[in-house]
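A.B. asks: Just protein-v3.txt, nothing more (compact mmCIF, C-alpha atoms):
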# COMPACT_ATOMS: atom_id res chain seq x y z
CA MET A 1284 -138.17 -188.09 116.84
CA LEU A 1285 -141.59 -187.36 118.29
CA LYS A 1286 -141.81 -183.97 120.00
CA LEU A 1287 -144.31 -183.33 122.78
CA TYR A 1288 -145.37 -179.80 123.66
CA SER A 1289 -146.05 -180.29 127.33
CA TYR A 1290 -146.50 -178.62 130.70
CA PHE A 1291 -145.54 -180.68 133.70
CA ARG A 1292 -148.82 -180.17 135.56
CA SER A 1293 -151.17 -180.38 132.55
CA SER A 1294 -153.15 -183.52 133.04
CA ALA A 1295 -153.89 -183.70 129.31
CA ALA A 1296 -150.14 -183.69 128.58
CA TYR A 1297 -149.65 -186.22 131.40
CA ARG A 1298 -152.04 -188.62 129.61
CA VAL A 1299 -149.91 -188.46 126.46
CA ARG A 1300 -146.67 -188.90 128.41
CA ILE A 1301 -148.05 -192.10 129.96
CA ALA A 1302 -149.18 -193.38 126.57
CA LEU A 1303 -145.80 -192.68 124.99
CA GLY A 1304 -144.21 -194.61 127.85
CA LEU A 1305 -146.61 -197.56 127.52
CA LYS A 1306 -145.86 -197.68 123.79
CA GLY A 1307 -142.12 -197.53 124.46
CA LEU A 1308 -141.73 -194.47 122.22
CA ALA A 1309 -138.87 -192.02 122.72
CA TYR A 1310 -139.77 -188.34 122.50
CA GLN A 1311 -138.42 -184.89 123.13
CA THR A 1312 -140.26 -182.66 125.61
CA LEU A 1313 -140.79 -179.06 124.51
CA PRO A 1314 -142.11 -177.24 127.58
CA VAL A 1315 -144.89 -174.67 127.21
CA HIS A 1316 -145.22 -172.71 130.43
CA LEU A 1317 -148.90 -172.11 131.12
CA LEU A 1318 -148.35 -169.35 133.68
CA LYS A 1319 -145.19 -167.47 132.70
CA GLY A 1320 -145.80 -164.11 130.98
CA GLY A 1321 -149.56 -164.65 130.85
CA GLY A 1322 -149.08 -168.12 129.41
CA GLU A 1323 -146.79 -169.22 126.55
CA GLN A 1324 -149.73 -171.22 125.16
CA HIS A 1325 -151.46 -167.97 124.20
CA GLN A 1326 -148.47 -166.48 122.38
CA ALA A 1327 -148.05 -166.46 118.62
CA PRO A 1328 -145.41 -169.22 118.26
CA TYR A 1329 -147.55 -171.79 120.04
CA ARG A 1330 -150.85 -170.53 118.60
CA ALA A 1331 -149.37 -171.09 115.15
CA LEU A 1332 -149.06 -174.77 116.06
CA ASN A 1333 -152.29 -175.09 118.01
CA PRO A 1334 -155.00 -172.46 117.52
CA GLN A 1335 -156.70 -173.68 120.68
CA GLY A 1336 -153.79 -172.48 122.79
CA LEU A 1337 -153.93 -175.61 124.91
CA VAL A 1338 -151.35 -178.27 125.63
CA PRO A 1339 -150.48 -180.91 124.63
CA ALA A 1340 -149.52 -180.97 120.98
CA LEU A 1341 -147.50 -183.75 119.40
CA GLN A 1342 -145.24 -183.25 116.40
CA THR A 1343 -145.00 -186.51 114.49
CA GLU A 1344 -141.83 -187.84 112.89
CA ASP A 1345 -143.16 -186.47 109.58
CA GLY A 1346 -143.67 -183.00 111.05
CA ALA A 1347 -147.48 -183.05 111.38
CA VAL A 1348 -148.72 -181.34 114.54
CA LEU A 1349 -151.53 -183.17 116.34
CA THR A 1350 -153.64 -181.73 119.14
CA GLN A 1351 -156.14 -183.01 121.71
CA SER A 1352 -154.83 -185.67 124.06
CA LEU A 1353 -157.34 -188.40 123.20
CA ALA A 1354 -156.84 -187.86 119.46
CA ILE A 1355 -153.10 -188.19 120.06
CA LEU A 1356 -153.58 -191.45 122.00
CA GLU A 1357 -155.67 -192.86 119.14
CA TYR A 1358 -152.94 -191.78 116.69
CA LEU A 1359 -150.25 -193.53 118.70
CA ASP A 1360 -152.33 -196.70 118.73
CA GLU A 1361 -152.94 -196.55 114.98
CA ALA A 1362 -149.48 -195.49 113.88
CA TYR A 1363 -147.29 -197.60 116.17
CA GLY A 1364 -147.06 -201.15 117.41
CA GLY A 1365 -146.33 -201.99 121.01
CA PRO A 1366 -148.94 -202.58 123.69
CA ALA A 1367 -152.41 -201.56 122.51
CA LEU A 1368 -154.10 -198.64 124.27
CA LEU A 1369 -157.51 -199.88 123.13
CA PRO A 1370 -158.73 -203.49 123.37
CA GLN A 1371 -160.10 -205.64 120.57
CA GLY A 1372 -163.83 -205.56 119.78
CA ALA A 1373 -166.04 -202.58 119.05
CA VAL A 1374 -168.05 -202.76 122.30
CA ALA A 1375 -164.93 -203.09 124.46
CA ARG A 1376 -163.31 -200.19 122.62
CA ALA A 1377 -166.43 -198.10 123.16
CA ARG A 1378 -166.28 -198.88 126.89
CA VAL A 1379 -162.66 -197.74 127.20
CA ARG A 1380 -163.33 -194.62 125.15
CA ALA A 1381 -166.38 -193.79 127.27
CA LEU A 1382 -164.37 -194.10 130.49
CA SER A 1383 -161.70 -191.88 128.96
CA GLN A 1384 -164.21 -189.29 127.80
CA ALA A 1385 -166.03 -189.29 131.15
CA ILE A 1386 -162.78 -187.82 132.46
CA ALA A 1387 -161.50 -185.90 129.43
CA CYS A 1388 -164.84 -184.33 128.42
CA ASP A 1389 -166.97 -184.17 131.54
CA LEU A 1390 -164.52 -183.66 134.38
CA HIS A 1391 -161.18 -182.17 133.41
CA PRO A 1392 -162.32 -179.26 131.16
CA LEU A 1393 -164.41 -177.85 134.00
CA ASN A 1394 -161.42 -177.58 136.29
CA ASN A 1395 -158.63 -176.38 134.07
CA LEU A 1396 -156.70 -173.18 134.44
CA ARG A 1397 -158.76 -171.01 132.10
CA VAL A 1398 -162.04 -171.93 133.76
CA LEU A 1399 -160.72 -171.30 137.27
CA GLY A 1400 -159.41 -167.96 135.95
CA TYR A 1401 -162.85 -167.01 134.62
CA LEU A 1402 -164.51 -167.90 137.92
CA LYS A 1403 -162.11 -165.62 139.75
CA ASN A 1404 -161.79 -162.74 137.30
CA GLU A 1405 -165.25 -162.53 135.76
CA LEU A 1406 -167.51 -164.00 138.44
CA GLY A 1407 -165.55 -162.77 141.45
CA ALA A 1408 -165.30 -166.22 143.01
CA ASP A 1409 -163.01 -166.30 146.06
CA ASP A 1410 -160.68 -169.19 146.85
CA ALA A 1411 -163.33 -171.04 148.86
CA ALA A 1412 -165.83 -170.83 146.00
CA LYS A 1413 -163.19 -171.90 143.47
CA ASN A 1414 -162.17 -174.87 145.62
CA ALA A 1415 -165.80 -175.89 146.10
CA TRP A 1416 -166.32 -175.76 142.32
CA TYR A 1417 -163.22 -177.89 141.79
CA ALA A 1418 -164.22 -180.45 144.41
CA HIS A 1419 -167.80 -180.60 143.11
CA TRP A 1420 -166.81 -181.66 139.60
CA VAL A 1421 -164.12 -184.02 140.84
CA ALA A 1422 -166.61 -185.77 143.13
CA LEU A 1423 -169.32 -185.96 140.48
CA GLY A 1424 -166.88 -187.14 137.82
CA LEU A 1425 -164.99 -189.68 139.89
CA GLN A 1426 -168.18 -191.12 141.40
CA ALA A 1427 -169.50 -191.77 137.89
CA VAL A 1428 -166.22 -193.38 136.84
CA GLU A 1429 -166.17 -195.45 140.05
CA ASP A 1430 -169.68 -196.71 139.28
CA MET A 1431 -168.76 -197.49 135.67
CA LEU A 1432 -165.73 -199.46 136.84
CA ALA A 1433 -167.25 -201.19 139.88
CA ARG A 1434 -170.35 -202.40 138.00
CA SER A 1435 -168.53 -203.97 135.09
CA ALA A 1436 -167.07 -207.46 134.83
CA ASP A 1437 -164.66 -206.04 132.26
CA THR A 1438 -162.79 -204.11 134.93
CA GLY A 1439 -159.66 -205.97 135.95
CA ARG A 1440 -156.37 -205.02 137.48
CA PHE A 1441 -156.69 -201.94 135.27
CA CYS A 1442 -159.70 -200.07 133.89
CA HIS A 1443 -160.24 -202.71 131.23
CA GLY A 1444 -158.82 -206.13 131.91
CA ASP A 1445 -155.31 -206.76 133.15
CA ALA A 1446 -153.30 -204.49 130.87
CA PRO A 1447 -153.15 -200.70 131.15
CA GLY A 1448 -154.71 -198.67 128.35
CA MET A 1449 -156.31 -195.40 127.32
CA ALA A 1450 -158.66 -195.14 130.29
CA ASP A 1451 -155.80 -195.63 132.74
CA CYS A 1452 -153.86 -192.89 130.94
CA CYS A 1453 -156.79 -190.57 131.74
CA LEU A 1454 -157.52 -191.82 135.24
CA VAL A 1455 -154.09 -191.45 136.84
CA PRO A 1456 -153.61 -187.74 136.01
CA GLN A 1457 -157.10 -187.04 137.33
CA VAL A 1458 -156.30 -188.86 140.59
CA PHE A 1459 -153.10 -186.82 140.79
CA ASN A 1460 -155.15 -183.61 140.46
CA ALA A 1461 -157.66 -184.74 143.06
CA ARG A 1462 -154.88 -185.45 145.54
CA ARG A 1463 -153.18 -182.15 144.77
CA PHE A 1464 -156.37 -180.25 145.57
CA GLN A 1465 -157.03 -182.46 148.61
CA CYS A 1466 -160.25 -183.94 147.27
CA PRO A 1467 -161.10 -187.07 149.30
CA LEU A 1468 -160.89 -190.36 147.40
CA ASP A 1469 -162.34 -192.72 150.03
CA ALA A 1470 -165.58 -193.17 148.13
CA TYR A 1471 -163.75 -194.52 145.08
CA PRO A 1472 -162.08 -197.82 146.11
CA THR A 1473 -161.89 -199.20 142.58
CA ILE A 1474 -160.25 -196.04 141.29
CA GLN A 1475 -157.76 -196.09 144.15
CA ARG A 1476 -156.91 -199.74 143.53
CA ILE A 1477 -156.39 -199.19 139.80
CA ALA A 1478 -154.35 -196.03 140.32
CA ALA A 1479 -152.09 -197.92 142.73
CA ALA A 1480 -151.59 -200.70 140.17
CA CYS A 1481 -150.73 -198.12 137.50
CA GLU A 1482 -148.29 -196.32 139.73
CA GLU A 1483 -146.20 -199.48 140.01
CA LEU A 1484 -145.40 -199.27 136.30
CA PRO A 1485 -142.42 -197.31 134.93
CA ALA A 1486 -144.52 -195.67 132.17
CA PHE A 1487 -146.74 -194.03 134.78
CA GLN A 1488 -143.86 -193.20 137.12
CA GLN A 1489 -141.79 -191.53 134.40
CA ALA A 1490 -144.76 -189.46 133.20
CA ALA A 1491 -145.45 -187.95 136.63
CA PRO A 1492 -145.35 -184.15 136.84
CA ASP A 1493 -142.40 -183.99 139.24
CA ARG A 1494 -140.28 -186.08 136.86
CA GLN A 1495 -140.63 -183.61 133.98
CA PRO A 1496 -137.82 -181.34 132.80
CA ASP A 1497 -140.00 -178.26 133.35
CA ALA A 1498 -141.12 -179.24 136.88
CA ALA A 1499 -140.97 -176.20 139.14
CA MET B 347 -182.89 -202.50 116.52
CA LEU B 348 -180.57 -199.82 117.91
CA LYS B 349 -182.13 -197.78 120.71
CA LEU B 350 -181.02 -194.23 121.42
CA TYR B 351 -181.63 -192.63 124.79
CA SER B 352 -181.96 -189.05 123.67
CA TYR B 353 -183.19 -185.59 124.56
CA PHE B 354 -184.20 -183.39 121.67
CA ARG B 355 -182.07 -180.42 122.71
CA SER B 356 -179.02 -182.36 123.93
CA SER B 357 -176.26 -181.54 121.50
CA ALA B 358 -174.42 -184.74 122.43
CA ALA B 359 -177.50 -186.79 121.48
CA TYR B 360 -177.86 -184.64 118.34
CA ARG B 361 -174.33 -185.69 117.26
CA VAL B 362 -175.31 -189.36 117.51
CA ARG B 363 -178.60 -188.80 115.66
CA ILE B 364 -176.69 -187.24 112.77
CA ALA B 365 -174.18 -190.10 112.71
CA LEU B 366 -176.95 -192.71 112.69
CA GLY B 367 -178.50 -190.87 109.76
CA LEU B 368 -175.22 -190.63 107.85
CA LYS B 369 -174.70 -194.37 108.37
CA GLY B 370 -178.25 -195.08 107.23
CA LEU B 371 -179.05 -196.96 110.46
CA ALA B 372 -182.61 -197.26 111.73
CA TYR B 373 -183.09 -196.71 115.46
CA GLN B 374 -185.74 -196.23 118.09
CA THR B 375 -185.68 -193.03 120.13
CA LEU B 376 -186.20 -193.44 123.88
CA PRO B 377 -186.64 -189.90 125.22
CA VAL B 378 -185.00 -188.94 128.53
CA HIS B 379 -186.42 -185.63 129.69
CA LEU B 380 -183.60 -183.59 131.20
CA LEU B 381 -185.85 -181.11 133.00
CA LYS B 382 -189.03 -182.95 134.00
CA GLY B 383 -189.23 -183.94 137.68
CA GLY B 384 -185.68 -182.75 138.36
CA GLY B 385 -184.38 -184.64 135.36
CA GLU B 386 -185.12 -188.22 134.31
CA GLN B 387 -181.39 -188.69 133.68
CA HIS B 388 -180.76 -188.58 137.44
CA GLN B 389 -183.39 -191.18 138.31
CA ALA B 390 -182.61 -194.80 139.09
CA PRO B 391 -183.82 -196.42 135.84
CA TYR B 392 -181.53 -194.28 133.69
CA ARG B 393 -178.64 -194.25 136.19
CA ALA B 394 -178.68 -198.05 136.03
CA LEU B 395 -177.90 -197.73 132.32
CA ASN B 396 -175.54 -194.77 132.55
CA PRO B 397 -173.98 -193.95 135.92
CA GLN B 398 -172.99 -190.55 134.57
CA GLY B 399 -176.64 -189.53 134.30
CA LEU B 400 -176.01 -187.87 130.95
CA VAL B 401 -177.51 -188.47 127.53
CA PRO B 402 -177.02 -190.00 125.06
CA ALA B 403 -176.73 -193.73 125.57
CA LEU B 404 -177.03 -196.25 122.76
CA GLN B 405 -178.27 -199.77 123.24
CA THR B 406 -176.73 -202.00 120.60
CA GLU B 407 -178.55 -204.77 118.80
CA ASP B 408 -176.89 -207.21 121.24
CA GLY B 409 -178.12 -205.26 124.26
CA ALA B 410 -174.86 -203.58 125.29
CA VAL B 411 -175.34 -200.01 126.50
CA LEU B 412 -172.76 -197.53 125.24
CA THR B 413 -172.28 -194.01 126.57
CA GLN B 414 -170.40 -190.86 125.53
CA SER B 415 -171.28 -189.48 122.13
CA LEU B 416 -167.82 -189.67 120.57
CA ALA B 417 -167.32 -193.23 121.80
CA ILE B 418 -170.67 -194.08 120.21
CA LEU B 419 -169.64 -192.48 116.91
CA GLU B 420 -166.42 -194.53 116.89
CA TYR B 421 -168.48 -197.65 117.64
CA LEU B 422 -170.82 -196.99 114.75
CA ASP B 423 -167.84 -196.56 112.44
CA GLU B 424 -166.21 -199.79 113.63
CA ALA B 425 -169.32 -201.95 113.82
CA TYR B 426 -171.17 -200.89 110.67
CA GLY B 427 -170.45 -200.22 107.04
CA GLY B 428 -171.86 -197.27 105.21
CA PRO B 429 -170.17 -193.91 104.81
CA ALA B 430 -167.14 -193.61 107.09
CA LEU B 431 -167.25 -191.04 109.88
CA LEU B 432 -163.44 -190.98 110.04
CA PRO B 433 -161.14 -190.71 107.02
CA GLN B 434 -158.30 -193.05 106.11
CA GLY B 435 -154.80 -192.41 107.49
CA ALA B 436 -153.72 -191.93 111.08
CA VAL B 437 -152.87 -188.22 110.75
CA ALA B 438 -156.14 -187.39 109.00
CA ARG B 439 -158.08 -189.35 111.61
CA ALA B 440 -156.25 -187.48 114.37
CA ARG B 441 -157.24 -184.19 112.75
CA VAL B 442 -160.93 -185.08 112.62
CA ARG B 443 -160.87 -186.38 116.19
CA ALA B 444 -159.12 -183.21 117.38
CA LEU B 445 -161.75 -181.01 115.73
CA SER B 446 -164.46 -183.14 117.33
CA GLN B 447 -162.84 -182.99 120.75
CA ALA B 448 -162.25 -179.24 120.52
CA ILE B 449 -166.05 -179.06 120.60
CA ALA B 450 -166.95 -182.11 122.69
CA CYS B 451 -164.28 -181.64 125.38
CA ASP B 452 -163.41 -177.96 125.44
CA LEU B 453 -166.62 -176.18 124.51
CA HIS B 454 -169.81 -178.12 125.10
CA PRO B 455 -169.18 -179.44 128.66
CA LEU B 456 -168.72 -175.89 129.95
CA ASN B 457 -172.15 -174.85 128.74
CA ASN B 458 -174.36 -177.78 129.52
CA LEU B 459 -177.35 -177.78 131.82
CA ARG B 460 -175.64 -178.95 134.99
CA VAL B 461 -172.91 -176.31 134.73
CA LEU B 462 -175.37 -173.48 134.11
CA GLY B 463 -177.33 -174.79 137.10
CA TYR B 464 -174.23 -174.65 139.33
CA LEU B 465 -173.47 -171.10 138.23
CA LYS B 466 -176.97 -170.02 139.19
CA ASN B 467 -177.56 -172.06 142.34
CA GLU B 468 -174.12 -172.20 143.92
CA LEU B 469 -172.40 -169.08 142.61
CA GLY B 470 -175.48 -166.87 142.46
CA ALA B 471 -174.92 -165.92 138.83
CA ASP B 472 -177.81 -163.95 137.36
CA ASP B 473 -179.07 -164.40 133.80
CA ALA B 474 -176.65 -161.80 132.42
CA ALA B 475 -173.66 -163.50 134.03
CA LYS B 476 -174.84 -166.92 132.83
CA ASN B 477 -175.30 -165.65 129.30
CA ALA B 478 -171.88 -164.00 129.34
CA TRP B 479 -170.33 -167.28 130.50
CA TYR B 480 -172.13 -169.13 127.71
CA ALA B 481 -171.10 -166.65 125.05
CA HIS B 482 -167.50 -166.57 126.29
CA TRP B 483 -166.91 -170.30 125.83
CA VAL B 484 -168.81 -170.39 122.54
CA ALA B 485 -166.65 -167.57 121.16
CA LEU B 486 -163.38 -169.05 122.41
CA GLY B 487 -164.30 -172.53 121.21
CA LEU B 488 -165.68 -171.60 117.80
CA GLN B 489 -162.80 -169.20 117.08
CA ALA B 490 -160.33 -172.04 117.70
CA VAL B 491 -162.31 -174.40 115.47
CA GLU B 492 -162.57 -171.68 112.79
CA ASP B 493 -158.78 -171.26 112.87
CA MET B 494 -158.21 -175.01 112.72
CA LEU B 495 -160.53 -175.25 109.70
CA ALA B 496 -159.48 -172.09 107.86
CA ARG B 497 -155.74 -172.82 108.10
CA SER B 498 -155.88 -176.36 106.78
CA ALA B 499 -155.82 -177.54 103.19
CA ASP B 500 -157.67 -180.64 104.38
CA THR B 501 -160.84 -178.64 104.96
CA GLY B 502 -163.21 -179.05 102.04
CA ARG B 503 -166.93 -178.71 101.58
CA PHE B 504 -167.10 -180.28 105.05
CA CYS B 505 -164.71 -180.24 108.02
CA HIS B 506 -162.48 -182.81 106.35
CA GLY B 507 -162.67 -183.11 102.59
CA ASP B 508 -165.90 -183.31 100.68
CA ALA B 509 -167.82 -185.88 102.70
CA PRO B 510 -169.42 -185.26 106.09
CA GLY B 511 -167.93 -187.03 109.09
CA MET B 512 -167.41 -187.04 112.83
CA ALA B 513 -166.33 -183.40 113.10
CA ASP B 514 -169.42 -182.24 111.20
CA CYS B 515 -171.57 -184.31 113.57
CA CYS B 516 -170.10 -182.22 116.40
CA LEU B 517 -170.06 -178.86 114.64
CA VAL B 518 -173.69 -178.58 113.57
CA PRO B 519 -175.23 -179.11 117.04
CA GLN B 520 -172.81 -176.54 118.44
CA VAL B 521 -173.83 -174.04 115.78
CA PHE B 522 -177.46 -174.78 116.64
CA ASN B 523 -176.72 -173.98 120.30
CA ALA B 524 -174.89 -170.79 119.41
CA ARG B 525 -177.82 -169.59 117.34
CA ARG B 526 -180.29 -170.55 120.06
CA PHE B 527 -178.40 -168.44 122.58
CA GLN B 528 -177.95 -165.64 120.04
CA CYS B 529 -174.17 -165.86 119.95
CA PRO B 530 -172.91 -164.04 116.84
CA LEU B 531 -171.31 -166.25 114.19
CA ASP B 532 -169.96 -163.54 111.83
CA ALA B 533 -166.36 -164.17 112.85
CA TYR B 534 -166.55 -167.81 111.73
CA PRO B 535 -167.14 -167.84 107.97
CA THR B 536 -165.72 -171.32 107.44
CA ILE B 537 -167.94 -172.75 110.17
CA GLN B 538 -170.98 -171.03 108.70
CA ARG B 539 -170.19 -172.31 105.22
CA ILE B 540 -169.74 -175.91 106.44
CA ALA B 541 -172.85 -175.81 108.62
CA ALA B 542 -174.87 -174.62 105.63
CA ALA B 543 -173.52 -177.48 103.51
CA CYS B 544 -174.41 -179.98 106.24
CA GLU B 545 -177.90 -178.60 106.64
CA GLU B 546 -178.66 -179.46 103.03
CA LEU B 547 -178.33 -183.16 103.85
CA PRO B 548 -181.25 -185.29 105.09
CA ALA B 549 -179.16 -186.89 107.88
CA PHE B 550 -178.61 -183.48 109.44
CA GLN B 551 -182.15 -182.28 108.79
CA GLN B 552 -183.76 -185.34 110.36
CA ALA B 553 -181.53 -185.13 113.45
CA ALA B 554 -182.52 -181.55 114.25
CA PRO B 555 -184.06 -180.96 117.69
CA ASP B 556 -187.44 -179.79 116.38
CA ARG B 557 -187.82 -182.98 114.35
CA GLN B 558 -187.54 -185.26 117.40
CA PRO B 559 -190.50 -187.12 118.93
CA ASP B 560 -189.85 -185.48 122.30
CA ALA B 561 -189.59 -181.92 120.92
CA ALA B 562 -191.51 -179.55 123.15
Written as structure tokens, how would this file's structure read?
C.D. replies:
Amino acid sequence: MLKLYSYFRSSAAYRVRIALGLKGLAYQTLPVHLLKGGGEQHQAPYRALNPQGLVPALQTEDGAVLTQSLAILEYLDEAYGGPALLPQGAVARARVRALSQAIACDLHPLNNLRVLGYLKNELGADDAAKNAWYAHWVALGLQAVEDMLARSADTGRFCHGDAPGMADCCLVPQVFNARRFQCPLDAYPTIQRIAAACEELPAFQQAAPDRQPDAA
Amino acid sequence: MLKLYSYFRSSAAYRVRIALGLKGLAYQTLPVHLLKGGGEQHQAPYRALNPQGLVPALQTEDGAVLTQSLAILEYLDEAYGGPALLPQGAVARARVRALSQAIACDLHPLNNLRVLGYLKNELGADDAAKNAWYAHWVALGLQAVEDMLARSADTGRFCHGDAPGMADCCLVPQVFNARRFQCPLDAYPTIQRIAAACEELPAFQQAAPDRQPDAA
């Protein structure tokens, strides 16, 4: 069985949980607590699996350990049937990947735990400065994604057409984070509409942080 | 003909230039100056093409505009023949994508121009603090990539086997950046060895920042 090294609040792990649900794939959750004891992700057992010390990691049925959420989503699409996470056609696939990377490369990495820790510990940022940093990159990132979605005739009920895919797997965890940190979403009507459509689906509901076995 | 919106020192554009060279594809360079007049990437003509206001963007032969360097690399591999940027086999492809994303998601976005600008303008970081930030993420990121490469039997003359591919397209621009900011590379012998092998190839040589039409 597939094994997912996950943390309930990790939005990168959340992406993979949604994708596994969309594909209809059963998996075992192996929690990696990112805060306990300085972070289990930094300790030798997990570092042996993933030298980056980041979640998620996916152990395949053959025992290979894969890292990086978008690489794992591509793997699931290549190795398994079920609903496709990427559409047909090279240009359409590039569009969905670009939307995904606008979140996974240019927004999320700026706001993850290790960066917020550096701001506090090395740069002496107080809570207000940390929250302003967080909100700045959320606003910049989501505005760009909103524009990409709102301007394109390819946007449908979901980020690309009328079936959920890779970009939706990235968008919903980012919206969850924005809400959690009380970042306003009013300026992003297309994102809000798509997130609401996603949240009607069991794959998205079951992947939510508060539904995870390691939820606090 | 393919048209690449590029800036000579952008490492994301540099990745795409290498890939175009490896594929043997001719293209026209359309320079976007990231510093002049507050940054041409923020101005309306470029924002109309790429709402993110980041380079690169690639205009295809059919006129579609693609963004995000890794999405563009995947497009080139799907739409054109020539040497493959990704290997065969879903697990091998996941490995190469994970190496690429370890750089493109977890290292580079923390050190790009807009982030360094925020550190200076909003957080009041001086040059020493900015350089320490830069060096911190380079060291963390390259050490993880070194471990991923050094531990795997799949690493060959290049990041994956004995032909250059997507991960090498990401690695070489990051090594260029590290050298430019005088970050020591001694702890990363595998990275140094692979970068040296890449730099023997014309595709990598011709993509170098100082060979670009917009080089300062």
A.B. asks: When you look at range 1478-1493 of chain A with a cut-off of 9 Å (counting all atoms listed in the file), what residues show up, excluding the ones that are within fewer than 4 positions of it in the same chain? I need them as an NGL selection string.
C.D. replies: :A and (1290-1294 or 1297-1307 or 1440-1441 or 1447 or 1451-1452 or 1454-1456 or 1458-1459 or 1473-1474 or 1497-1499)
A.B. asks: Compile the residues of chain A that lie within 7 Å of chain B, evaluated using only C-alpha atoms, and express the compilation as a PyMOL selection string.
C.D. replies: chain A and resi 1334-1335+1349-1351+1354-1355+1358+1361-1362+1373-1374+1377-1378+1380-1381+1384+1387-1389+1392-1393+1427+1430-1431
A.B. asks: Counting all atoms listed in the file, which residue out of A:Pro1496, A:Ala1433, A:Asp1469, A:Ala1418 sits closest to His1316 in chain A?
C.D. replies: A:Pro1496
A.B. asks: Given the point (-154.9, -199.5, 127.9) in the coordinates of this file, which residues lie within 6 Å, counting all atoms listed in the file, and how would they look as a PyMOL selection string?
C.D. replies: chain A and resi 1368-1369+1447-1449
A.B. asks: How many Å separate CA of Gln387 in chain B from CA of Cys1466 in chain A?
C.D. replies: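 It comes out at 25.6 Å.
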A.B. asks: Smallest atom-to-atom distance to Pro391 in chain B: which of B:Ala474, B:Thr501, B:Ala509, B:Val378, using all atoms listed in the file?
C.D. replies: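 For Pro391 in chain B, the nearest of the candidates is B:Val378.
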A.B. asks: What is the CA of Leu459 in chain B to CA of Val401 in chain B distance in Å?
C.D. replies: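 Rounded to one decimal, the two atoms are 11.5 Å apart.
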A.B. asks: What does the distance from CA of Ser352 in chain B to CA of Pro402 in chain B come to in Å, to one decimal?
C.D. replies: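 Taking CA of Ser352 in chain B and CA of Pro402 in chain B, their separation equals 5.2 Å.
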A.B. asks: Enclose the full set of atoms of range 351-368 of chain B listed in the file within a box whose edges lie along x, y and z, apply 8 Å of padding to each of the six sides, and report centre and edge lengths in Å to one decimal as JSON.
C.D. replies:
{"center_x": -179.2, "center_y": -186.6, "center_z": 116.3, "size_x": 26.0, "size_y": 28.3, "size_z": 32.9}
A.B. asks: Nearest to Leu376 in chain B: which of B:Tyr351, B:Asn523, B:His388, B:Ala358 is it, counting only C-alpha atoms?
C.D. replies: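 Using only C-alpha atoms, Leu376 in chain B sits closest to B:Tyr351.
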